[in-house]
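Reviewing the structure listed below.
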Amino acid sequence: MTEISVRAGGAAGDGIASVGEVLSRSFSRLGLHVFGLNAYQSVIRGGHVWFQARAGREAVHSQGDRVDILYALNRETVDVHAAFLRKAACVVFDPEKFSVSPDDLPAGVVPVAVPTLELARKYTTQSILQNAAGLGATAFLAGIPLATLQKVLADSFGRKTGDVVDWNLGAAADGYAYAQSHASANDRAVGPAGPAKLLLAGNSAIALGAAAAGVKFLSQYPMTPASSIMHWMAAHSHTLGVVVKQAEDELAAINMAIGASYTGVRSMTATSGGGFALMVEALGMAGMTEVPLVVVESQRSGPSTGLPTKTEQGDLNMMLGAGQGEFPRAILAPSDALEAFQLTIKAFELAEAWQTPILVASDLHLSESFMTIDREAISFDVDIPSLFQVEPNGHDFKRYAYTDSGVSARSLPGQPGLQYVAGSDEHDEKGHLLSDVRAGIPVWVAERNRMMEKRMRKLEGLRAALDAPAIEGPADADLTLIAWGSTIGAARDALGLLASQGHAVNLLAVRSVYPIRPEAFVGPLGRAKRTLLIEANFSGQFGRLLRAETGIHLPDRLLKYDGEPFYPAEIAGRAVEVLSHGG
């Protein structure tokens with residue numbers, strides 16, 4: 001077979017995320033493409049959590065729709081996920097904890113009882129090794145060689161040695177052997193496919209992209225789902241020479257980043273919607289003072305605290321309008337780990353070149369899912385030019401000089417002969433403040449107009465520098481899907497489902513959300529026979545933006561706001577409705 005999906009479920013505290021990561025890493029070392037979805041709650045113990053690792057010989061862009069192997073640590077997992085099991089799927093469980101009969105499962109699904117606790121007690125009286133035994137059994141059913149699993153387990157302990165490491169390896173081998181003698185490998189087991197691939201969570205890819213772009217300062221207040229950007233950067237800070245500061249709150253975090261960038265250091269901050277709401281005043285200061293700044297906004301369900309561990313694309317309107325008044329910005333929305341790496345680099349390049357804030361719009365689904373990347377696709381050959389004026393010109397230095405592009409020469413603070421005022425009030429070319437004494441006097445009214453227009457001219461440069469949306473799939477399609485950010489992955493997988501059903505459908509994948517390049521949308525959407533907008537929010541926020549900027553109305557929509565990611569089958573189902581019934 002070409003792909004397999006393994007899901008593990010239990011309660012918070014059962015180690016489900018670790019099980020899922022080990023399975024994902026094992027698949028990636030077999031050269032398979034992997035997508036790993038971590039579904040968790042904000043509780044330390046209890047509740048219900050699960051992880052799905054989908055692996056294939058061909059690229060997989062989402063968690064998929066169905067499950068081939070379910071590793072259940074409690075009865076609730078069987079009850080919740082039985083409906084997702086494919087025919088001939090397997091359910092791995094410990095009969096000492098609960099029972100599962102064929103009558104509890106869809107037709108054709110096979111229960112596989114594995115005494116994980118009994119195998120674990122061979123090494124220790126504690127149940128801590130249960131998952132190692134369960135992983136061994138699951139790995140056999142999934143076609144993962146025992147040696148691969150044990151190498152991943154050993155690597156997860158780092159430099160640790162001793163009984164705990166040996167016990168885990170032994171319990172995994174015992175679970176593997178038990179399954180080998182009591183069950184058959186799943187019919188969809190894939191097996192090795194080639195050289196190992198890189199496996200990265202979206203946030204790790206963002207952090208890696210920032211490092212490649214030359215970031216030297218990260219200030220952040222931890223907020224799910226952006227927190228692991230800071231975790232990754234802190235873990236690698238000494239190697240990379242990056243100063244990582246956990247701020248006391250989001251206001252401090254963004255102001256620290258602005259201050260560092262003002263002194264010439266490539267800087268960033270990262271947060272979620274609630275934290276970004278606190279950052280908007282300072283974001284406007286970066287726009288007024290023309291300080292480069294990269295902000296990662298990893299969206300989650302709102303409003304307010306909303307669903308803190310669930311995904312959404314509901315913050316686009318806020319990102320578009322964040323900050324009082326108007327100032328130029330760009331919004332980039334990666335769809336997968338590779339684009340998270342690449343577009344973070346681009347965000348730094350745009351911020352420096354156009355001296356303005358650039359937002360990277362992620363979401364929980366992208367930030368915390370695991371995805372494989374071909375090693376050769378990652379490049380650290382990033383040009384980091386010096387964009388500062390070095391020749392002094394005394395009191396004639398005009399930091400905010402009027403230019404056709406809107407970009408003025410920049411100097412480092414305190415450079416002899418290149419000093420200037422950088423205030424948050426409106427100012428003239430040298431930075432001298434206009435408000436409040438000069439406001440209302442005709443000559444300074446005109447100066448305000450010129451300075452505002454100067455800043456906003458950067459939008460034209462940003463617009464030209466952004467990547468146009470790309471059409472994927474048949475050129476002469478009967479339906480065009482439109483998606484941005486992480487929803488692109490499920491939409492891309494839906495194309496394959498639709499093609500297998502005989503439908504000609506393509507996808508307009510939007511990664512540069514703002515500023516809009518009208519001609520980049522008018523052409524492909526003008527040729528489209530029908531369209532279907534796909535967004536993870538209630539009001540179709542990108543659809544509204546597109547209509548405002550281009551006049552293009554997308555009447556048929558699939559909008560999702562329950563906190564769950566899109567699944568390929570639901571996109572394909574809605575697409576068939578549009579094709580069959582006209583909306």
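Ordering of the structure tokens sets the chain letters (A, B, ...); residue numbers start at 1 within each chain; ligands are numbered from 1 in the order shown.
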message: Env of segment 484-487 of chain A: 9 Å cut, atoms = only C-alpha atoms, seq-sep filter 3 positions within chain, self excluded. Answer as a list in words.
response: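 So the residues in contact are Ser62, Gln313, Leu332, Ala333, Pro334, Ser335, Asp336, Ala361, Ser362, Asp363, His365, Leu366, Ala490, Ala491, Arg492, Leu508, Ala509, Val510, Arg511, Ser512, Val513, Ile534, Glu535, Ala536, Phe542, Pro565 and Phe566 of chain A.
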Write to file, as a PDB file, in the first residue's frame, the residues of the selection just made, with N, CA and C atoms.
```pdb
ATOM      1  N   SER A  62      -2.042  16.415   5.093  1.00  0.00           N
ATOM      2  CA  SER A  62      -2.912  16.617   6.248  1.00  0.00           C
ATOM      3  C   SER A  62      -2.965  15.317   7.035  1.00  0.00           C
ATOM      4  N   GLN A 313      -8.751  30.178  11.917  1.00  0.00           N
ATOM      5  CA  GLN A 313      -8.157  31.257  11.124  1.00  0.00           C
ATOM      6  C   GLN A 313      -8.999  32.514  11.317  1.00  0.00           C
ATOM      7  N   LEU A 332       1.987  36.989   5.762  1.00  0.00           N
ATOM      8  CA  LEU A 332       2.367  35.757   5.079  1.00  0.00           C
ATOM      9  C   LEU A 332       1.754  34.581   5.825  1.00  0.00           C
ATOM     10  N   ALA A 333       1.235  33.594   5.095  1.00  0.00           N
ATOM     11  CA  ALA A 333       0.527  32.481   5.729  1.00  0.00           C
ATOM     12  C   ALA A 333       1.034  31.158   5.168  1.00  0.00           C
ATOM     13  N   PRO A 334       2.045  30.563   5.791  1.00  0.00           N
ATOM     14  CA  PRO A 334       2.570  29.277   5.305  1.00  0.00           C
ATOM     15  C   PRO A 334       1.542  28.160   5.463  1.00  0.00           C
ATOM     16  N   SER A 335       1.644  27.164   4.579  1.00  0.00           N
ATOM     17  CA  SER A 335       0.695  26.050   4.613  1.00  0.00           C
ATOM     18  C   SER A 335       1.282  24.781   5.203  1.00  0.00           C
ATOM     19  N   ASP A 336       2.603  24.697   5.290  1.00  0.00           N
ATOM     20  CA  ASP A 336       3.243  23.489   5.815  1.00  0.00           C
ATOM     21  C   ASP A 336       4.592  23.864   6.421  1.00  0.00           C
ATOM     22  N   ALA A 361       1.320  34.564   9.692  1.00  0.00           N
ATOM     23  CA  ALA A 361       0.051  34.047  10.194  1.00  0.00           C
ATOM     24  C   ALA A 361       0.082  32.522  10.186  1.00  0.00           C
ATOM     25  N   SER A 362       0.318  31.961  11.355  1.00  0.00           N
ATOM     26  CA  SER A 362       0.225  30.522  11.524  1.00  0.00           C
ATOM     27  C   SER A 362      -1.093  30.215  12.241  1.00  0.00           C
ATOM     28  N   ASP A 363      -1.285  28.992  12.648  1.00  0.00           N
ATOM     29  CA  ASP A 363      -2.416  28.613  13.492  1.00  0.00           C
ATOM     30  C   ASP A 363      -2.024  27.341  14.228  1.00  0.00           C
ATOM     31  N   HIS A 365      -3.067  24.353  14.081  1.00  0.00           N
ATOM     32  CA  HIS A 365      -2.942  23.164  13.242  1.00  0.00           C
ATOM     33  C   HIS A 365      -1.572  23.097  12.580  1.00  0.00           C
ATOM     34  N   LEU A 366      -1.080  24.230  12.090  1.00  0.00           N
ATOM     35  CA  LEU A 366       0.254  24.261  11.491  1.00  0.00           C
ATOM     36  C   LEU A 366       1.340  24.270  12.562  1.00  0.00           C
ATOM     37  N   ALA A 490      -5.237  20.141   3.618  1.00  0.00           N
ATOM     38  CA  ALA A 490      -6.401  19.279   3.450  1.00  0.00           C
ATOM     39  C   ALA A 490      -7.039  19.480   2.078  1.00  0.00           C
ATOM     40  N   ALA A 491      -7.030  20.724   1.587  1.00  0.00           N
ATOM     41  CA  ALA A 491      -7.572  20.980   0.255  1.00  0.00           C
ATOM     42  C   ALA A 491      -6.756  20.254  -0.817  1.00  0.00           C
ATOM     43  N   ARG A 492      -5.454  20.249  -0.631  1.00  0.00           N
ATOM     44  CA  ARG A 492      -4.590  19.545  -1.591  1.00  0.00           C
ATOM     45  C   ARG A 492      -4.868  18.042  -1.568  1.00  0.00           C
ATOM     46  N   LEU A 508      -6.483  27.094  -5.809  1.00  0.00           N
ATOM     47  CA  LEU A 508      -5.728  28.345  -5.763  1.00  0.00           C
ATOM     48  C   LEU A 508      -5.181  28.478  -4.342  1.00  0.00           C
ATOM     49  N   ALA A 509      -3.881  28.234  -4.188  1.00  0.00           N
ATOM     50  CA  ALA A 509      -3.237  28.214  -2.875  1.00  0.00           C
ATOM     51  C   ALA A 509      -2.650  29.598  -2.580  1.00  0.00           C
ATOM     52  N   VAL A 510      -3.150  30.242  -1.516  1.00  0.00           N
ATOM     53  CA  VAL A 510      -2.758  31.610  -1.171  1.00  0.00           C
ATOM     54  C   VAL A 510      -1.832  31.569   0.034  1.00  0.00           C
ATOM     55  N   ARG A 511      -0.608  32.016  -0.149  1.00  0.00           N
ATOM     56  CA  ARG A 511       0.372  32.046   0.938  1.00  0.00           C
ATOM     57  C   ARG A 511       0.735  33.480   1.337  1.00  0.00           C
ATOM     58  N   SER A 512       0.599  34.402   0.408  1.00  0.00           N
ATOM     59  CA  SER A 512       0.801  35.824   0.694  1.00  0.00           C
ATOM     60  C   SER A 512      -0.584  36.457   0.757  1.00  0.00           C
ATOM     61  N   VAL A 513      -1.048  36.717   1.967  1.00  0.00           N
ATOM     62  CA  VAL A 513      -2.440  37.109   2.169  1.00  0.00           C
ATOM     63  C   VAL A 513      -2.658  38.601   1.957  1.00  0.00           C
ATOM     64  N   ILE A 534     -12.552  28.102   1.132  1.00  0.00           N
ATOM     65  CA  ILE A 534     -12.377  27.247   2.302  1.00  0.00           C
ATOM     66  C   ILE A 534     -11.617  28.047   3.358  1.00  0.00           C
ATOM     67  N   GLU A 535     -12.254  28.277   4.502  1.00  0.00           N
ATOM     68  CA  GLU A 535     -11.609  29.017   5.580  1.00  0.00           C
ATOM     69  C   GLU A 535     -12.042  28.464   6.931  1.00  0.00           C
ATOM     70  N   ALA A 536     -11.134  28.530   7.897  1.00  0.00           N
ATOM     71  CA  ALA A 536     -11.442  28.094   9.255  1.00  0.00           C
ATOM     72  C   ALA A 536     -11.858  29.292  10.102  1.00  0.00           C
ATOM     73  N   PHE A 542     -10.988  36.016   4.581  1.00  0.00           N
ATOM     74  CA  PHE A 542     -10.186  36.250   3.376  1.00  0.00           C
ATOM     75  C   PHE A 542     -11.080  36.533   2.182  1.00  0.00           C
ATOM     76  N   PRO A 565      -9.452  20.820  12.700  1.00  0.00           N
ATOM     77  CA  PRO A 565      -8.901  21.106  11.381  1.00  0.00           C
ATOM     78  C   PRO A 565      -9.801  20.550  10.284  1.00  0.00           C
ATOM     79  N   PHE A 566      -9.591  21.026   9.069  1.00  0.00           N
ATOM     80  CA  PHE A 566     -10.305  20.470   7.925  1.00  0.00           C
ATOM     81  C   PHE A 566      -9.812  19.057   7.633  1.00  0.00           C
TER      82      PHE A 566
END
```
query: Among segment 109-240 of chain A, which ones does DSSP place in strand (DSSP E or B), written as a PyMOL selection string?
result: chain A and resi 110-113+198-201+217-220
Write a file of the just-selected residues containing N, CA and C atoms, as a short mmCIF file (atom, residue, chain, number, x, y, z; two decimals), in the first residue's frame.
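See again.cif below for the written result:
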```cif
data_model
loop_
_atom_site.label_atom_id
_atom_site.label_comp_id
_atom_site.auth_asym_id
_atom_site.auth_seq_id
_atom_site.Cartn_x
_atom_site.Cartn_y
_atom_site.Cartn_z
N VAL A 110 -10.24 -5.48 13.51
CA VAL A 110 -9.71 -6.57 14.31
C VAL A 110 -9.20 -6.06 15.65
N PRO A 111 -9.73 -6.53 16.79
CA PRO A 111 -9.15 -6.18 18.09
C PRO A 111 -7.89 -7.00 18.35
N VAL A 112 -6.84 -6.36 18.79
CA VAL A 112 -5.57 -7.03 19.07
C VAL A 112 -5.23 -6.79 20.54
N ALA A 113 -5.44 -7.79 21.37
CA ALA A 113 -5.17 -7.67 22.80
C ALA A 113 -3.68 -7.90 23.05
N LEU A 198 13.58 14.85 7.16
CA LEU A 198 13.50 15.70 8.34
C LEU A 198 12.06 15.74 8.82
N LEU A 199 11.87 15.69 10.11
CA LEU A 199 10.54 15.80 10.70
C LEU A 199 10.52 17.02 11.61
N LEU A 200 9.64 17.97 11.30
CA LEU A 200 9.58 19.22 12.05
C LEU A 200 8.14 19.57 12.37
N ALA A 201 7.92 20.08 13.57
CA ALA A 201 6.66 20.75 13.86
C ALA A 201 6.69 22.12 13.19
N PHE A 217 17.63 38.07 18.33
CA PHE A 217 16.89 38.39 19.55
C PHE A 217 15.45 37.94 19.41
N LEU A 218 14.99 37.15 20.37
CA LEU A 218 13.59 36.73 20.45
C LEU A 218 13.06 37.09 21.83
N SER A 219 12.02 37.89 21.88
CA SER A 219 11.34 38.18 23.14
C SER A 219 9.92 37.66 23.02
N GLN A 220 9.48 36.92 24.02
CA GLN A 220 8.19 36.24 23.88
C GLN A 220 7.62 35.95 25.26
#
```
message: Report, in Å to a single decimal, how far apart atom CA of Trp354 of chain A and atom CA of Ala465 of chain A are.
response: 10.2 Å
- line: Of A:Leu554, A:Ile128, A:Ala193, A:Ala575, the one nearest to Ala504 of chain A when counting only C-alpha atoms is A:Ala575
- prompt: Mind checking DSSP for segment 198-412 of chain A and telling me the helix (DSSP H, G or I) residues as number ranges by chain?
  reply: A: 202-212, 227-235, 237-240, 250-262, 273-289, 316-321, 337-354, 364-368, 375-377, 394-396
Keeping C-alpha atoms, export the residues of the selection given above as a CSV table (one decimal), in the first residue's frame.
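Just written: part_17.csv:
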```csv
chain,number,residue,atom,x,y,z
A,202,GLY,CA,5.5,24.0,12.2
A,203,ASN,CA,6.8,26.1,15.1
A,204,SER,CA,10.2,24.4,14.9
A,205,ALA,CA,10.3,25.2,11.2
A,206,ILE,CA,9.4,28.9,12.0
A,207,ALA,CA,12.2,29.0,14.6
A,208,LEU,CA,14.6,27.4,12.2
A,209,GLY,CA,13.7,29.8,9.4
A,210,ALA,CA,14.3,32.7,11.8
A,211,ALA,CA,17.7,31.3,12.7
A,212,ALA,CA,18.5,31.0,9.0
A,227,SER,CA,5.1,28.8,23.0
A,228,SER,CA,7.3,26.1,21.3
A,229,ILE,CA,8.9,28.7,19.1
A,230,MET,CA,10.6,30.1,22.2
A,231,HIS,CA,11.3,26.6,23.5
A,232,TRP,CA,13.1,25.7,20.3
A,233,MET,CA,15.0,29.0,20.2
A,234,ALA,CA,16.0,28.8,23.8
A,235,ALA,CA,17.3,25.2,23.4
A,237,SER,CA,20.3,29.8,21.6
A,238,HIS,CA,24.0,29.2,22.6
A,239,THR,CA,24.7,27.4,19.4
A,240,LEU,CA,23.1,30.1,17.3
A,250,GLU,CA,3.1,40.4,25.5
A,251,LEU,CA,3.4,44.2,25.8
A,252,ALA,CA,6.9,43.9,27.1
A,253,ALA,CA,7.7,41.2,24.5
A,254,ILE,CA,6.9,43.3,21.4
A,255,ASN,CA,8.5,46.5,22.8
A,256,MET,CA,11.7,44.6,23.6
A,257,ALA,CA,11.7,43.3,20.0
A,258,ILE,CA,11.2,46.8,18.6
A,259,GLY,CA,14.0,48.1,20.8
A,260,ALA,CA,16.4,45.4,19.7
A,261,SER,CA,15.5,46.0,16.0
A,262,TYR,CA,15.9,49.7,16.4
A,273,GLY,CA,-4.5,36.0,19.2
A,274,GLY,CA,-5.0,37.0,22.8
A,275,GLY,CA,-1.4,38.1,23.1
A,276,PHE,CA,-1.4,39.8,19.7
A,277,ALA,CA,-4.4,41.9,20.9
A,278,LEU,CA,-2.1,43.3,23.6
A,279,MET,CA,0.6,44.1,21.1
A,280,VAL,CA,-1.3,46.2,18.6
A,281,GLU,CA,-0.4,49.7,20.1
A,282,ALA,CA,3.3,48.8,19.9
A,283,LEU,CA,2.9,47.4,16.4
A,284,GLY,CA,1.7,50.9,15.4
A,285,MET,CA,4.8,52.4,17.0
A,286,ALA,CA,7.0,50.1,14.8
A,287,GLY,CA,5.0,51.4,11.8
A,288,MET,CA,5.4,55.0,12.8
A,289,THR,CA,9.1,54.8,13.6
A,316,LEU,CA,-7.1,37.8,9.9
A,317,ASN,CA,-9.3,40.9,10.4
A,318,MET,CA,-7.3,41.7,13.5
A,319,MET,CA,-4.0,41.3,11.7
A,320,LEU,CA,-5.2,43.6,8.9
A,321,GLY,CA,-6.3,46.3,11.2
A,337,ALA,CA,6.6,23.1,7.6
A,338,LEU,CA,8.7,23.9,4.5
A,339,GLU,CA,6.8,27.1,3.8
A,340,ALA,CA,6.9,28.0,7.5
A,341,PHE,CA,10.7,27.8,7.2
A,342,GLN,CA,10.8,29.7,3.8
A,343,LEU,CA,8.2,32.4,4.6
A,344,THR,CA,9.8,33.2,8.0
A,345,ILE,CA,13.0,34.0,6.1
A,346,LYS,CA,11.0,36.1,3.6
A,347,ALA,CA,9.3,37.9,6.5
A,348,PHE,CA,12.7,39.1,7.8
A,349,GLU,CA,13.8,40.1,4.3
A,350,LEU,CA,10.7,42.1,3.8
A,351,ALA,CA,10.8,43.7,7.2
A,352,GLU,CA,14.4,44.9,6.7
A,353,ALA,CA,13.9,46.0,3.1
A,354,TRP,CA,10.7,47.9,3.7
A,364,LEU,CA,-2.5,25.8,16.0
A,365,HIS,CA,-2.9,23.2,13.2
A,366,LEU,CA,0.3,24.3,11.5
A,367,SER,CA,2.2,25.3,14.6
A,368,GLU,CA,1.9,22.0,16.5
A,375,ARG,CA,16.6,17.5,3.5
A,376,GLU,CA,17.7,19.1,0.2
A,377,ALA,CA,14.8,21.5,0.4
A,394,GLY,CA,26.0,65.8,10.2
A,395,HIS,CA,22.8,67.6,10.9
A,396,ASP,CA,21.5,67.0,7.4
```
message: Taking 4 positions as the minimum chain separation for residues in the same chain, which residues sit within 8 Å of segment 157-170 of chain A when counting only C-alpha atoms? Answer as an MDAnalysis selection string.
response: chainID A and resid 123 129 132:133 150 153 174
Please dump the current selection as a PDB file, in the first residue's frame; keep C-alpha atoms.
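File selection-v5.pdb, as written:
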```pdb
ATOM      1  CA  TYR A 123      11.227  -4.671  34.178  1.00  0.00           C
ATOM      2  CA  LEU A 129       6.913   1.144  30.435  1.00  0.00           C
ATOM      3  CA  ALA A 132       7.072   1.144  25.203  1.00  0.00           C
ATOM      4  CA  ALA A 133       5.413  -2.276  24.967  1.00  0.00           C
ATOM      5  CA  GLN A 150      14.473   1.122  19.122  1.00  0.00           C
ATOM      6  CA  LEU A 153      13.454   5.404  21.410  1.00  0.00           C
ATOM      7  CA  ASP A 174       8.680  -7.686  23.911  1.00  0.00           C
TER       8      ASP A 174
END
```
task: Rank A:Asp65, A:Asp14, A:Glu3, A:Asp187 by their smallest atom-to-atom distance to Gly47 of chain A, using only C-alpha atoms, and report the top residue only.
output: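 Nearest to Gly47 of chain A: A:Asp14.
Atom pair atom CA of Ala520 of chain A / atom CA of Met456 of chain A: separated by 20.9 Å.
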- request: Give the answer as one residue: which of A:Thr403, A:Ser539, A:Asn74, A:Ser26 has the shortest atom-to-atom distance to Pro145 of chain A, using only C-alpha atoms?
  value: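 Of A:Thr403, A:Ser539, A:Asn74, A:Ser26, the one nearest Pro145 of chain A, counting only C-alpha atoms, is A:Ser26.
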- prompt: Closest to Gly264 of chain A among A:Lys216, A:Lys398, A:Lys87, A:Arg66, using only C-alpha atoms?
  reply: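 For Gly264 of chain A, the nearest of the candidates is A:Lys216.
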message: Taking 3 positions as the minimum chain separation for residues in the same chain, which residues sit within 8 Å of Lys458 of chain A when counting only C-alpha atoms? Answer as a list in words.
response: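 Listing them by chain and then by number gives Pro328, Trp354, Ser405, Gly406, Val407, Lys454, Arg455, Gly461 and Leu462 of chain A.
Distance annotation: of A:Val437, A:Met268, A:Val291, A:Val19, the residue with the minimal separation from Leu412 of chain A is A:Val291; atom set is only C-alpha atoms.
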- prompt: What does the distance between atom CA of Phe140 of chain A and atom CA of Ala53 of chain A come to in Å, to one decimal place?
  reply: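 Pair atom CA of Phe140 of chain A / atom CA of Ala53 of chain A returns 14.9 Å.
Distance check against Ala409 of chain A using only C-alpha atoms: of A:Glu290, A:Asp478, A:Val522, A:Gly306, the minimum falls on A:Glu290.
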field: Test item: residues at most 12 Å from Phe51 of chain A, only C-alpha atoms, excluding those fewer than 2 positions along its chain, as an MDAnalysis selection string
entry: chainID A and resid 5:12 14:24 35:41 48:49 53:54 63 67 69:72 77 81 368:370
